[in-house]
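Trainee: Hey, dropping input_31.csv in here, CSV, C-alpha atoms:
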```
chain,number,residue,atom,x,y,z
A,1,MET,CA,-126.9,26.1,137.0
A,2,PRO,CA,-128.9,25.3,133.8
A,3,HIS,CA,-130.7,22.0,133.6
A,4,SER,CA,-129.9,19.6,130.8
A,5,ASP,CA,-132.5,18.8,128.1
A,6,ASP,CA,-133.1,15.3,129.6
A,7,GLU,CA,-133.6,16.7,133.1
A,8,ARG,CA,-136.0,19.4,131.8
A,9,ARG,CA,-138.0,16.7,130.0
A,10,ARG,CA,-138.2,14.6,133.1
A,11,ARG,CA,-139.2,17.6,135.2
A,12,ARG,CA,-142.1,18.4,132.8
A,13,HIS,CA,-143.2,14.8,132.8
A,14,PHE,CA,-143.5,14.7,136.6
A,15,LEU,CA,-145.3,18.1,136.6
A,16,LEU,CA,-147.8,16.8,134.1
A,17,LEU,CA,-148.5,13.8,136.3
A,18,GLY,CA,-148.7,15.9,139.4
A,19,GLU,CA,-145.7,14.2,141.0
A,20,PRO,CA,-143.0,16.1,142.9
A,21,PHE,CA,-139.8,16.0,140.9
A,22,ALA,CA,-137.6,15.9,144.0
A,23,MET,CA,-139.1,12.6,145.2
A,24,THR,CA,-138.5,10.8,142.0
A,25,THR,CA,-135.0,11.9,141.0
A,26,ASN,CA,-131.7,10.4,142.0
A,27,THR,CA,-130.0,12.1,144.9
A,28,SER,CA,-126.2,12.4,144.9
A,29,ALA,CA,-126.2,12.8,148.7
A,30,GLY,CA,-127.4,9.3,149.3
A,31,THR,CA,-130.7,10.3,150.8
A,32,GLY,CA,-132.8,8.1,148.5
A,33,PRO,CA,-132.6,5.4,145.9
A,34,PRO,CA,-132.1,6.1,142.2
A,35,ALA,CA,-135.3,7.0,140.4
A,36,SER,CA,-135.0,4.0,138.1
A,37,ALA,CA,-134.8,1.6,141.0
A,38,ALA,CA,-137.7,3.2,142.8
A,39,ALA,CA,-139.7,3.1,139.6
A,40,ARG,CA,-139.0,-0.6,139.1
A,41,ARG,CA,-140.1,-1.4,142.7
A,42,ARG,CA,-143.2,0.7,142.2
A,43,VAL,CA,-144.1,-1.2,139.0
A,44,LEU,CA,-143.5,-4.6,140.6
A,45,LEU,CA,-145.5,-3.7,143.7
A,46,LEU,CA,-148.4,-2.4,141.4
A,47,ILE,CA,-148.3,-5.7,139.4
A,48,ALA,CA,-148.5,-7.7,142.6
A,49,ASN,CA,-151.5,-5.7,143.8
A,50,TYR,CA,-153.2,-6.2,140.4
A,51,ALA,CA,-152.7,-9.9,140.7
A,52,ALA,CA,-154.0,-10.0,144.3
A,53,LEU,CA,-157.1,-8.1,143.3
A,54,LEU,CA,-157.8,-10.3,140.3
A,55,VAL,CA,-157.2,-13.7,141.9
A,56,GLY,CA,-158.7,-12.7,145.2
A,57,SER,CA,-161.9,-11.2,143.7
A,58,VAL,CA,-162.7,-14.0,141.3
A,59,ALA,CA,-161.8,-16.8,143.8
A,60,SER,CA,-163.7,-15.3,146.7
A,61,SER,CA,-166.8,-14.5,144.7
A,62,LEU,CA,-167.0,-18.1,143.3
A,63,LEU,CA,-166.3,-19.7,146.7
A,64,SER,CA,-168.9,-17.5,148.4
A,65,ARG,CA,-171.5,-18.8,145.9
A,66,PHE,CA,-170.1,-22.4,146.5
A,67,TYR,CA,-170.7,-21.9,150.2
A,68,PHE,CA,-174.3,-21.0,149.8
A,69,ALA,CA,-175.0,-23.5,147.1
A,70,HIS,CA,-173.7,-26.4,149.4
A,71,GLY,CA,-175.9,-25.7,152.4
A,72,GLY,CA,-174.2,-22.7,154.0
A,73,ARG,CA,-176.8,-20.3,155.4
A,74,ASN,CA,-175.0,-18.1,157.9
A,75,ARG,CA,-174.4,-14.7,156.2
A,76,TRP,CA,-172.4,-13.5,159.2
A,77,VAL,CA,-169.8,-16.3,158.5
A,78,VAL,CA,-169.4,-15.0,155.0
A,79,THR,CA,-169.2,-11.5,156.4
A,80,LEU,CA,-166.5,-12.4,158.9
A,81,VAL,CA,-164.3,-14.3,156.4
A,82,GLN,CA,-164.0,-11.1,154.3
A,83,SER,CA,-161.9,-9.4,157.0
A,84,ALA,CA,-160.7,-12.2,159.3
A,85,GLY,CA,-157.4,-12.4,157.5
A,86,PHE,CA,-156.1,-9.2,159.1
A,87,PRO,CA,-153.6,-11.1,161.3
A,88,LEU,CA,-151.7,-11.9,158.1
A,89,LEU,CA,-151.3,-8.2,157.5
A,90,VAL,CA,-150.1,-7.6,161.0
A,91,ALA,CA,-147.6,-10.4,160.6
A,92,ALA,CA,-146.4,-8.9,157.3
A,93,VAL,CA,-145.9,-5.5,158.9
A,94,LEU,CA,-143.9,-6.9,161.8
A,95,VAL,CA,-141.5,-8.9,159.6
A,96,ALA,CA,-141.2,-6.4,156.8
A,97,GLY,CA,-138.1,-4.2,156.7
A,98,ARG,CA,-138.6,-0.5,157.5
A,99,PRO,CA,-136.5,2.6,156.7
A,100,ALA,CA,-134.9,4.2,159.7
A,101,ALA,CA,-137.1,7.3,159.4
A,102,VAL,CA,-140.4,5.2,159.5
A,103,PRO,CA,-142.0,5.0,162.9
A,104,ARG,CA,-142.5,1.7,164.8
A,105,PRO,CA,-145.5,-0.4,163.6
A,106,PHE,CA,-148.9,1.1,164.5
A,107,MET,CA,-147.2,3.6,166.9
A,108,TRP,CA,-147.6,6.6,164.5
A,109,PHE,CA,-151.4,6.5,164.6
A,110,SER,CA,-152.8,9.6,166.3
A,111,ARG,CA,-156.0,9.3,168.3
A,112,ARG,CA,-158.0,11.1,165.7
A,113,PHE,CA,-156.6,9.1,162.8
A,114,LEU,CA,-157.2,5.8,164.7
A,115,VAL,CA,-160.9,6.8,165.2
A,116,VAL,CA,-161.3,7.6,161.5
A,117,CYS,CA,-159.8,4.2,160.6
A,118,LEU,CA,-162.1,2.4,163.1
A,119,VAL,CA,-165.2,4.2,161.7
A,120,ILE,CA,-164.2,3.2,158.1
A,121,GLY,CA,-163.6,-0.3,159.3
A,122,ALA,CA,-167.1,-0.5,160.9
A,123,LEU,CA,-168.6,0.7,157.6
A,124,MET,CA,-166.5,-2.0,155.8
A,125,GLY,CA,-168.1,-4.6,158.0
A,126,ALA,CA,-171.6,-3.3,157.1
A,127,ASN,CA,-170.6,-3.4,153.4
A,128,ASN,CA,-169.3,-7.0,153.8
A,129,LEU,CA,-172.7,-8.0,155.2
A,130,LEU,CA,-174.5,-6.4,152.2
A,131,PHE,CA,-172.3,-8.4,149.9
A,132,SER,CA,-173.1,-11.6,151.8
A,133,TYR,CA,-176.8,-11.0,151.2
A,134,SER,CA,-176.1,-10.3,147.6
A,135,THR,CA,-174.2,-13.5,147.1
A,136,SER,CA,-176.9,-15.6,148.8
A,137,PHE,CA,-179.8,-14.0,146.8
A,138,LEU,CA,-178.2,-13.6,143.4
A,139,PRO,CA,-176.0,-15.7,141.1
A,140,VAL,CA,-172.4,-14.6,140.7
A,141,SER,CA,-172.9,-13.3,137.2
A,142,THR,CA,-175.8,-11.0,138.1
A,143,SER,CA,-174.3,-9.7,141.4
A,144,SER,CA,-171.0,-9.0,139.6
A,145,LEU,CA,-172.7,-7.1,136.8
A,146,LEU,CA,-174.6,-5.0,139.4
A,147,MET,CA,-171.4,-4.5,141.5
A,148,SER,CA,-169.7,-3.0,138.4
A,149,THR,CA,-171.9,0.0,138.9
A,150,GLN,CA,-169.6,1.0,141.7
A,151,LEU,CA,-167.5,2.6,139.0
A,152,ALA,CA,-170.3,5.2,138.4
A,153,PHE,CA,-170.6,5.9,142.1
A,154,THR,CA,-166.8,6.1,142.4
A,155,LEU,CA,-166.5,8.7,139.6
A,156,VAL,CA,-169.1,10.9,141.2
A,157,LEU,CA,-167.7,10.6,144.8
A,158,ALA,CA,-164.1,10.9,143.6
A,159,ALA,CA,-165.0,14.1,141.8
A,160,VAL,CA,-166.5,15.4,145.1
A,161,ILE,CA,-164.0,14.0,147.6
A,162,VAL,CA,-160.6,14.1,145.8
A,163,ARG,CA,-161.6,16.4,142.9
A,164,HIS,CA,-161.0,13.8,140.2
A,165,PRO,CA,-161.6,15.5,136.8
A,166,LEU,CA,-164.8,14.7,134.9
A,167,ASN,CA,-164.6,14.4,131.2
A,168,PHE,CA,-166.6,12.8,128.3
A,169,VAL,CA,-165.0,9.4,128.4
A,170,ASN,CA,-165.5,9.1,132.2
A,171,LEU,CA,-169.1,10.2,132.0
A,172,ASN,CA,-169.7,7.8,129.0
A,173,ALA,CA,-168.4,4.9,131.1
A,174,VAL,CA,-170.8,5.9,133.9
A,175,VAL,CA,-173.8,6.1,131.6
A,176,LEU,CA,-173.1,2.7,130.0
A,177,LEU,CA,-172.6,1.0,133.4
A,178,THR,CA,-175.8,2.6,134.7
A,179,LEU,CA,-177.7,1.3,131.7
A,180,SER,CA,-176.4,-2.2,132.3
A,181,SER,CA,-177.8,-2.2,135.9
A,182,VAL,CA,-181.1,-0.8,134.7
A,183,LEU,CA,-181.3,-3.6,132.2
A,184,LEU,CA,-180.8,-6.2,134.9
A,185,ALA,CA,-183.4,-4.5,137.0
A,186,LEU,CA,-186.0,-5.2,134.3
A,187,ARG,CA,-185.3,-9.0,134.4
A,188,SER,CA,-188.0,-11.3,135.9
A,189,GLY,CA,-185.8,-12.7,138.6
A,190,ASP,CA,-186.1,-16.4,137.9
A,191,SER,CA,-186.0,-18.3,141.2
A,192,GLY,CA,-183.8,-20.9,139.7
A,193,GLU,CA,-180.9,-18.4,139.6
A,194,SER,CA,-180.8,-17.8,143.3
A,195,PRO,CA,-178.6,-20.0,145.5
A,196,GLU,CA,-181.4,-20.1,148.1
A,197,GLY,CA,-184.4,-19.9,145.8
A,198,GLY,CA,-187.1,-17.4,146.8
A,199,GLY,CA,-188.2,-16.1,143.4
A,200,LYS,CA,-188.8,-12.5,142.6
A,201,GLY,CA,-188.7,-11.4,146.3
A,202,HIS,CA,-185.2,-12.6,146.8
A,203,TYR,CA,-184.2,-11.2,143.4
A,204,PHE,CA,-185.5,-7.7,144.3
A,205,VAL,CA,-183.8,-7.8,147.8
A,206,GLY,CA,-180.6,-9.0,146.2
A,207,TYR,CA,-180.8,-6.2,143.6
A,208,VAL,CA,-181.2,-3.5,146.2
A,209,VAL,CA,-178.5,-4.8,148.6
A,210,THR,CA,-176.1,-5.2,145.8
A,211,LEU,CA,-176.5,-1.7,144.6
A,212,GLY,CA,-176.1,-0.6,148.3
A,213,ALA,CA,-172.9,-2.6,148.6
A,214,ALA,CA,-171.7,-1.0,145.3
A,215,GLY,CA,-172.4,2.5,146.6
A,216,LEU,CA,-170.8,2.0,150.0
A,217,PHE,CA,-167.7,0.4,148.4
A,218,ALA,CA,-167.5,3.2,145.9
A,219,ALA,CA,-167.4,5.7,148.8
A,220,TYR,CA,-164.7,3.7,150.5
A,221,LEU,CA,-162.3,4.1,147.5
A,222,PRO,CA,-162.0,7.9,147.3
A,223,VAL,CA,-162.1,8.2,151.1
A,224,MET,CA,-159.1,5.9,151.3
A,225,GLU,CA,-157.3,7.9,148.6
A,226,LEU,CA,-157.9,11.0,150.6
A,227,LEU,CA,-156.7,9.3,153.8
A,228,TYR,CA,-153.5,8.1,152.1
A,229,ARG,CA,-152.8,11.5,150.7
A,230,GLU,CA,-153.4,13.5,153.9
A,231,ALA,CA,-152.0,11.1,156.6
A,232,VAL,CA,-149.9,8.3,155.2
A,233,SER,CA,-146.2,8.9,154.2
A,234,GLY,CA,-143.2,6.8,154.6
A,235,GLY,CA,-143.9,3.8,152.4
A,236,PHE,CA,-146.3,1.1,151.4
A,237,VAL,CA,-145.9,-0.7,154.7
A,238,LEU,CA,-147.8,2.1,156.4
A,239,ALA,CA,-150.7,1.6,154.0
A,240,VAL,CA,-150.8,-2.1,155.1
A,241,GLU,CA,-151.0,-1.0,158.7
A,242,VAL,CA,-154.0,1.2,158.0
A,243,GLN,CA,-155.7,-1.7,156.2
A,244,ALA,CA,-155.0,-4.1,159.1
A,245,VAL,CA,-156.6,-1.7,161.6
A,246,MET,CA,-159.7,-1.3,159.4
A,247,GLN,CA,-160.0,-5.1,158.7
A,248,ALA,CA,-159.7,-5.7,162.5
A,249,MET,CA,-162.6,-3.4,163.1
A,250,ALA,CA,-164.7,-5.0,160.4
A,251,SER,CA,-163.9,-8.4,161.9
A,252,LEU,CA,-165.1,-7.2,165.3
A,253,VAL,CA,-168.4,-6.0,163.8
A,254,ALA,CA,-168.9,-9.4,162.0
A,255,ALA,CA,-167.9,-11.3,165.2
A,256,ILE,CA,-170.5,-9.4,167.2
A,257,GLY,CA,-173.2,-10.1,164.6
A,258,LEU,CA,-172.2,-13.8,164.4
A,259,GLY,CA,-172.4,-14.2,168.2
A,260,ALA,CA,-175.7,-12.3,168.5
A,261,THR,CA,-177.3,-14.7,166.0
A,262,GLY,CA,-176.2,-17.9,167.7
A,263,GLY,CA,-172.8,-18.4,166.3
A,264,LEU,CA,-172.2,-21.6,164.2
A,265,ASP,CA,-175.2,-23.4,165.7
A,266,GLY,CA,-176.0,-26.2,163.3
A,267,GLU,CA,-174.0,-24.6,160.5
A,268,VAL,CA,-171.6,-27.5,159.9
A,269,ALA,CA,-174.4,-30.0,160.2
A,270,ARG,CA,-176.4,-28.4,157.4
A,271,TRP,CA,-173.3,-28.4,155.1
A,272,LYS,CA,-173.6,-30.7,152.1
A,273,GLY,CA,-170.2,-32.2,152.5
A,274,SER,CA,-167.6,-33.2,155.0
A,275,PRO,CA,-166.7,-30.9,157.9
A,276,ALA,CA,-163.1,-30.8,156.5
A,277,LEU,CA,-164.4,-29.4,153.2
A,278,TYR,CA,-166.5,-26.8,155.1
A,279,TRP,CA,-163.5,-25.5,157.0
A,280,ALA,CA,-161.3,-25.7,153.9
A,281,VAL,CA,-163.7,-23.5,152.1
A,282,VAL,CA,-163.9,-21.0,155.0
A,283,GLY,CA,-160.1,-21.0,155.3
A,284,ILE,CA,-159.6,-20.3,151.6
A,285,LEU,CA,-162.2,-17.6,151.7
A,286,VAL,CA,-160.3,-15.8,154.4
A,287,LEU,CA,-157.1,-15.9,152.2
A,288,THR,CA,-158.8,-14.9,149.0
A,289,TRP,CA,-160.8,-12.0,150.5
A,290,GLN,CA,-157.7,-10.7,152.2
A,291,ALA,CA,-155.9,-10.7,148.9
A,292,CYS,CA,-158.8,-8.9,147.2
A,293,PHE,CA,-159.1,-6.1,149.8
A,294,MET,CA,-155.3,-5.6,150.1
A,295,GLY,CA,-155.0,-5.6,146.4
A,296,THR,CA,-157.7,-2.9,146.1
A,297,ALA,CA,-156.1,-0.8,148.8
A,298,GLY,CA,-152.7,-1.2,147.2
A,299,VAL,CA,-153.9,0.0,143.9
A,300,ILE,CA,-155.5,3.0,145.5
A,301,TYR,CA,-152.3,3.9,147.3
A,302,LEU,CA,-150.1,3.5,144.2
A,303,THR,CA,-152.5,5.1,141.6
A,304,SER,CA,-155.9,6.6,142.5
A,305,SER,CA,-159.4,5.6,143.7
A,306,PHE,CA,-160.9,5.9,140.2
A,307,HIS,CA,-158.2,3.7,138.7
A,308,SER,CA,-158.8,1.1,141.4
A,309,GLY,CA,-162.6,1.3,140.7
A,310,VAL,CA,-161.9,0.6,137.0
A,311,CYS,CA,-159.7,-2.4,137.9
A,312,MET,CA,-162.5,-3.7,140.1
A,313,ALA,CA,-165.1,-3.3,137.4
A,314,ALA,CA,-162.8,-5.2,135.0
A,315,VAL,CA,-162.4,-8.0,137.5
A,316,LEU,CA,-166.1,-8.1,138.1
A,317,THR,CA,-166.5,-8.8,134.3
A,318,ALA,CA,-164.3,-11.9,134.9
A,319,ASN,CA,-166.5,-12.9,137.8
A,320,VAL,CA,-169.5,-12.9,135.4
A,321,LEU,CA,-167.8,-15.3,133.1
A,322,GLY,CA,-166.7,-17.4,136.1
A,323,GLY,CA,-170.3,-17.7,137.3
A,324,VAL,CA,-171.4,-18.9,133.9
A,325,VAL,CA,-168.6,-21.4,133.4
A,326,VAL,CA,-168.4,-22.8,137.0
A,327,PHE,CA,-172.0,-22.7,138.1
A,328,GLY,CA,-173.8,-22.6,134.8
A,329,ASP,CA,-175.5,-19.3,135.6
A,330,PRO,CA,-178.1,-18.4,132.9
A,331,PHE,CA,-176.7,-16.0,130.3
A,332,GLY,CA,-179.6,-14.7,128.3
A,333,ALA,CA,-180.0,-11.7,126.1
A,334,GLU,CA,-180.3,-9.3,129.0
A,335,LYS,CA,-177.0,-10.4,130.6
A,336,GLY,CA,-175.3,-10.5,127.2
A,337,ILE,CA,-176.3,-6.9,126.5
A,338,ALA,CA,-175.4,-5.8,130.1
A,339,THR,CA,-172.0,-7.4,129.8
A,340,ALA,CA,-171.4,-5.7,126.4
A,341,LEU,CA,-172.3,-2.3,128.0
A,342,CYS,CA,-169.9,-2.9,130.8
A,343,ALA,CA,-167.1,-3.8,128.4
A,344,TRP,CA,-167.9,-0.7,126.3
A,345,GLY,CA,-167.8,1.5,129.4
A,346,LEU,CA,-164.4,0.0,130.5
A,347,ALA,CA,-163.0,0.4,127.0
A,348,SER,CA,-164.2,4.1,127.0
A,349,TYR,CA,-162.3,4.7,130.2
A,350,LEU,CA,-159.1,2.9,129.0
A,351,TYR,CA,-159.1,4.9,125.8
A,352,GLY,CA,-159.4,8.1,127.7
A,353,GLU,CA,-156.5,7.2,129.9
A,354,TYR,CA,-154.4,6.2,126.9
A,355,THR,CA,-155.1,9.6,125.2
A,356,LYS,CA,-154.2,11.4,128.4
A,357,LYS,CA,-151.0,9.5,128.8
A,358,LYS,CA,-150.2,10.2,125.2
A,359,LYS,CA,-150.7,13.9,125.7
A,360,VAL,CA,-148.5,13.9,128.7
A,361,GLU,CA,-145.7,12.2,126.8
A,362,ASP,CA,-146.0,14.5,123.8
A,363,VAL,CA,-145.7,17.6,126.0
A,364,ALA,CA,-142.9,16.2,128.1
A,365,ALA,CA,-140.9,15.3,125.0
A,366,ASP,CA,-141.4,18.8,123.4
A,367,PRO,CA,-138.1,20.7,123.9
A,368,SER,CA,-139.9,24.0,123.3
A,369,ALA,CA,-142.4,23.5,126.2
A,370,SER,CA,-141.7,25.2,129.4
A,371,ASP,CA,-142.5,24.0,133.0
A,372,ASP,CA,-145.3,26.5,133.1
A,373,ASP,CA,-146.8,24.9,129.9
A,374,ALA,CA,-146.5,21.5,131.5
A,375,ASP,CA,-148.2,22.7,134.7
A,376,ASN,CA,-151.1,24.2,132.6
A,377,VAL,CA,-151.6,20.9,130.8
A,378,ARG,CA,-151.5,19.0,134.2
A,379,LYS,CA,-154.2,21.3,135.5
A,380,SER,CA,-156.4,20.6,132.5
A,381,LEU,CA,-155.9,16.8,133.0
A,382,THR,CA,-156.3,16.6,136.7
A,383,GLY,CA,-159.0,19.2,137.3
A,384,GLY,CA,-157.0,21.7,139.3
A,385,GLY,CA,-153.7,22.9,140.5
A,386,GLY,CA,-153.7,21.9,144.2
A,387,ASP,CA,-151.6,19.5,146.0
A,388,THR,CA,-151.9,16.1,144.4
A,389,GLY,CA,-150.6,14.1,147.3
A,390,GLY,CA,-147.0,13.4,146.4
A,391,GLU,CA,-146.7,11.3,149.6
A,392,LEU,CA,-148.2,8.5,147.5
A,393,GLU,CA,-145.0,8.2,145.5
A,394,THR,CA,-143.0,6.8,148.4
A,395,VAL,CA,-143.0,3.0,148.2
```
I'd like the structure from this file rewritten - as structure tokens, please.

Mentor:
Amino acid sequence: MPHSDDERRRRRHFLLLGEPFAMTTNTSAGTGPPASAAARRRVLLLIANYAALLVGSVASSLLSRFYFAHGGRNRWVVTLVQSAGFPLLVAAVLVAGRPAAVPRPFMWFSRRFLVVCLVIGALMGANNLLFSYSTSFLPVSTSSLLMSTQLAFTLVLAAVIVRHPLNFVNLNAVVLLTLSSVLLALRSGDSGESPEGGGKGHYFVGYVVTLGAAGLFAAYLPVMELLYREAVSGGFVLAVEVQAVMQAMASLVAAIGLGATGGLDGEVARWKGSPALYWAVVGILVLTWQACFMGTAGVIYLTSSFHSGVCMAAVLTANVLGGVVVFGDPFGAEKGIATALCAWGLASYLYGEYTKKKKVEDVAADPSASDDDADNVRKSLTGGGGDTGGELETV
């Protein structure tokens, strides 16, 4: 039976995006929701994850700096709060509605998949510790600018791990972000900028550990995309379960480190404020960090690792401005130029995404274009013709 023009256009659109047509069309047999309803849910879920990423990242970065600026010294505490909110994810999984075909919570993990999640969680714990050192040694504005280099790492690793296509605008963004980090490396490292003082020594250590954290976090993004594509199907709730397991392992690593270094011995006594304020800051840090990480994972699940990296880089630019406004971080010529380079790099990527989307829409709307033509364009935009992980479309 021949397809209507509208259906052919929709089919070409999904082929161009690398999405399976059957999973996104309405089914008359009642096996799935209408495509429009699923698309609306997907957009709303994506917006919610964007908001969690933005609010969580900015608030957690500023509060972490506040912690160190007011007498906090235990980096393992700041490491632990970044993942200690995983019980909230477990509770959300248990109370969330599940389709009949979706397995019971956490019961679908194979032994091998569980081991992979635990290893990634342990690496997340190590990355959280690096970020704690970064926050204690560098001002928010400097560490955020350096962390934005994760986009460069992410592009390279995404090209290797999930075969993300390399093109001029992506490479241009990488070069600009790399230049911004090199520019910051040439700064003198004024001791007045560090929450703990320490002069050039602390600035150099902070610079190194921040780049290390950026690289490790960049590796996490495409690995998570690959994990979601290969092993997670059945809805967003399963992605939340994966995140909960990883965060639990990261919390275990941080708890062991905290216990090995004496726990909270004298921590509250050194705090420049009331104990109630100390615990309020710690509690809010748990919430905001959980929002940040879940937002990041959600964006990966719903889009791609590189798109998530771009969102994170954009949010880090907001962190730079937050550090200047809230803590009065110095914002000299070097930071100004570095910020401009970051903005240029992000604009380059966004323009590339806009032109790609425009090309997809033009080909999808062309009545003379065949499905083979659409598939050829998709390959040119996505760097290949392999399986693009249609499981990600289930929300």

Trainee: One decimal, in Å: what's the spacing between atom CA of A:Ile47 and atom CA of A:Asn128?

Mentor: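 About the pair atom CA of A:Ile47 and atom CA of A:Asn128: they are 25.5 Å apart.
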
Trainee: For A:Leu302, which residue among A:Gly352, A:Gly322, A:Pro105, A:Gly235 is the nearest when counting only C-alpha atoms?

Mentor: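 Going through A:Gly352, A:Gly322, A:Pro105, A:Gly235 one by one, the smallest distance to A:Leu302 is for A:Gly235.
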
Trainee: Calculate, to one decimal in Å, the centre and edge lengths of the box along x, y and z of the file that holds all listed atoms of stretch 199-206 of chain A with 3 Å of margin on each side, and present them as JSON.

Mentor:
```
{"center_x": -184.7, "center_y": -11.9, "center_z": 145.2, "size_x": 14.2, "size_y": 14.4, "size_z": 11.2}
```

Trainee: I want to know what sits within 6 Å of stretch 144-155 of chain A, based on all atoms listed in the file, with residues of the same chain fewer than 4 positions away left out; could you give that as a PyMOL selection string?

Mentor: chain A and resi 140+174+177+181+214-215+218+309+313+316+320

Trainee: Selected residues, C-alpha atoms, written as a JSON list (two decimals), keeping the file's coordinate frame, please.

Mentor:
```
[["chain", "number", "residue", "atom", "x", "y", "z"],
["A", 140, "VAL", "CA", -172.40, -14.60, 140.70],
["A", 174, "VAL", "CA", -170.80, 5.90, 133.90],
["A", 177, "LEU", "CA", -172.60, 1.00, 133.40],
["A", 181, "SER", "CA", -177.80, -2.20, 135.90],
["A", 214, "ALA", "CA", -171.70, -1.00, 145.30],
["A", 215, "GLY", "CA", -172.40, 2.50, 146.60],
["A", 218, "ALA", "CA", -167.50, 3.20, 145.90],
["A", 309, "GLY", "CA", -162.60, 1.30, 140.70],
["A", 313, "ALA", "CA", -165.10, -3.30, 137.40],
["A", 316, "LEU", "CA", -166.10, -8.10, 138.10],
["A", 320, "VAL", "CA", -169.50, -12.90, 135.40]]
```

Trainee: Would you mind telling me which residue in A:Gln290, A:Leu45, A:Val360, A:Leu54 lies nearest to A:Ala318 when using all atoms listed in the file?

Mentor: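 Smallest distance to A:Ala318 is found for A:Leu54.
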
Trainee: Have a look at A:Leu350, A:Ala239, A:Leu176, A:Val282 and name the one nearest to A:Phe109; count only C-alpha atoms.

Mentor: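 For A:Phe109, the nearest of the candidates is A:Ala239.
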
Trainee: For each of A:Phe68, A:Trp76, A:Phe236, A:Phe306, take the minimum atom-to-atom distance to A:Ala159, counting all atoms listed in the file, then give the residue where this is smallest.

Mentor: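 For A:Ala159, the nearest of the given residues is A:Phe306.
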
Trainee: Hey, which bits of stretch 127-232 of chain A sit within 12 Å of stretch 245-251 of chain A, and for each residue what's the closest pair of atoms and how far apart in Å (one decimal), counting all atoms listed in the file, rows by chain and increasing number, as CSV?

Mentor:
```
residue,atom,partner,partner_atom,distance
A:Asn127,CA,A:Ala250,CA,9.3
A:Asn128,CA,A:Ala250,CA,8.3
A:Leu129,CA,A:Ala250,CA,10.0
A:Tyr220,CA,A:Met246,CA,11.4
A:Met224,CA,A:Met246,CA,10.9
```

Trainee: At a cut-off of 9 Å, using all atoms listed in the file, what residues contact A:Gln243? Leave out same-chain residues fewer than 4 positions from it and give the result as a PDB file with C-alpha atoms, in the frame of the given file.

Mentor:
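Full text of out-v1.pdb as output:
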```pdb
ATOM      1  CA  PHE A  86    -156.100  -9.200 159.100  1.00  0.00           C
ATOM      2  CA  LEU A  89    -151.300  -8.200 157.500  1.00  0.00           C
ATOM      3  CA  CYS A 117    -159.800   4.200 160.600  1.00  0.00           C
ATOM      4  CA  GLY A 121    -163.600  -0.300 159.300  1.00  0.00           C
ATOM      5  CA  LEU A 238    -147.800   2.100 156.400  1.00  0.00           C
ATOM      6  CA  ALA A 239    -150.700   1.600 154.000  1.00  0.00           C
ATOM      7  CA  GLN A 247    -160.000  -5.100 158.700  1.00  0.00           C
ATOM      8  CA  ALA A 248    -159.700  -5.700 162.500  1.00  0.00           C
ATOM      9  CA  PHE A 293    -159.100  -6.100 149.800  1.00  0.00           C
ATOM     10  CA  MET A 294    -155.300  -5.600 150.100  1.00  0.00           C
ATOM     11  CA  ALA A 297    -156.100  -0.800 148.800  1.00  0.00           C
TER      12      ALA A 297
END
```

Trainee: Can you work out which one of A:Val286, A:Ala122, A:Ala100, A:Ala291 has the shortest atom-to-atom distance to A:Leu53, counting all atoms listed in the file?

Mentor: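 Of the candidates, the smallest distance to A:Leu53 is held by A:Ala291.
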
Trainee: Restrict the calculation to only C-alpha atoms, then for each residue of stretch 72-184 of chain A with any atom at most 7 Å from an atom of stretch 206-210 of chain A give the closest atom pair and their distance in Å to one decimal, rows by chain and rising residue number, as a Markdown table.

Mentor:
```
| residue | atom | partner | partner_atom | distance |
| --- | --- | --- | --- | --- |
| A:Leu130 | CA | A:Val209 | CA | 5.6 |
| A:Phe131 | CA | A:Thr210 | CA | 6.4 |
| A:Tyr133 | CA | A:Gly206 | CA | 6.6 |
| A:Ser134 | CA | A:Gly206 | CA | 4.9 |
| A:Phe137 | CA | A:Gly206 | CA | 5.1 |
| A:Leu138 | CA | A:Gly206 | CA | 5.9 |
| A:Ser143 | CA | A:Thr210 | CA | 6.5 |
| A:Leu146 | CA | A:Thr210 | CA | 6.6 |
| A:Met147 | CA | A:Thr210 | CA | 6.4 |
```

Trainee: Enter the distance from atom CA of A:Val237 to atom CA of A:Ala51, in Å, rounded to one decimal.

Mentor: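 Straight-line distance from atom CA of A:Val237 to atom CA of A:Ala51 works out to 18.1 Å.
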
Trainee: One number please: atom CA of A:Ser304 to atom CA of A:Leu221, in Å, one decimal.

Mentor: 8.5 Å

Trainee: Could you list, as a list of chain:residue names, every residue within 9 Å of A:Val55, counting only C-alpha atoms and ignoring same-chain residues fewer than 5 positions away?

Mentor: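 Close residues of A:Val55: A:Tyr50, A:Ser60, A:Thr288, A:Ala291, A:Cys292, A:Val315.
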
Trainee: Just checking: using only C-alpha atoms, which residue out of A:Tyr228, A:Glu361, A:Ser141, A:Ala213 ends up closest to A:Leu62?

Mentor: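 Result for the nearest residue to A:Leu62: A:Ser141.
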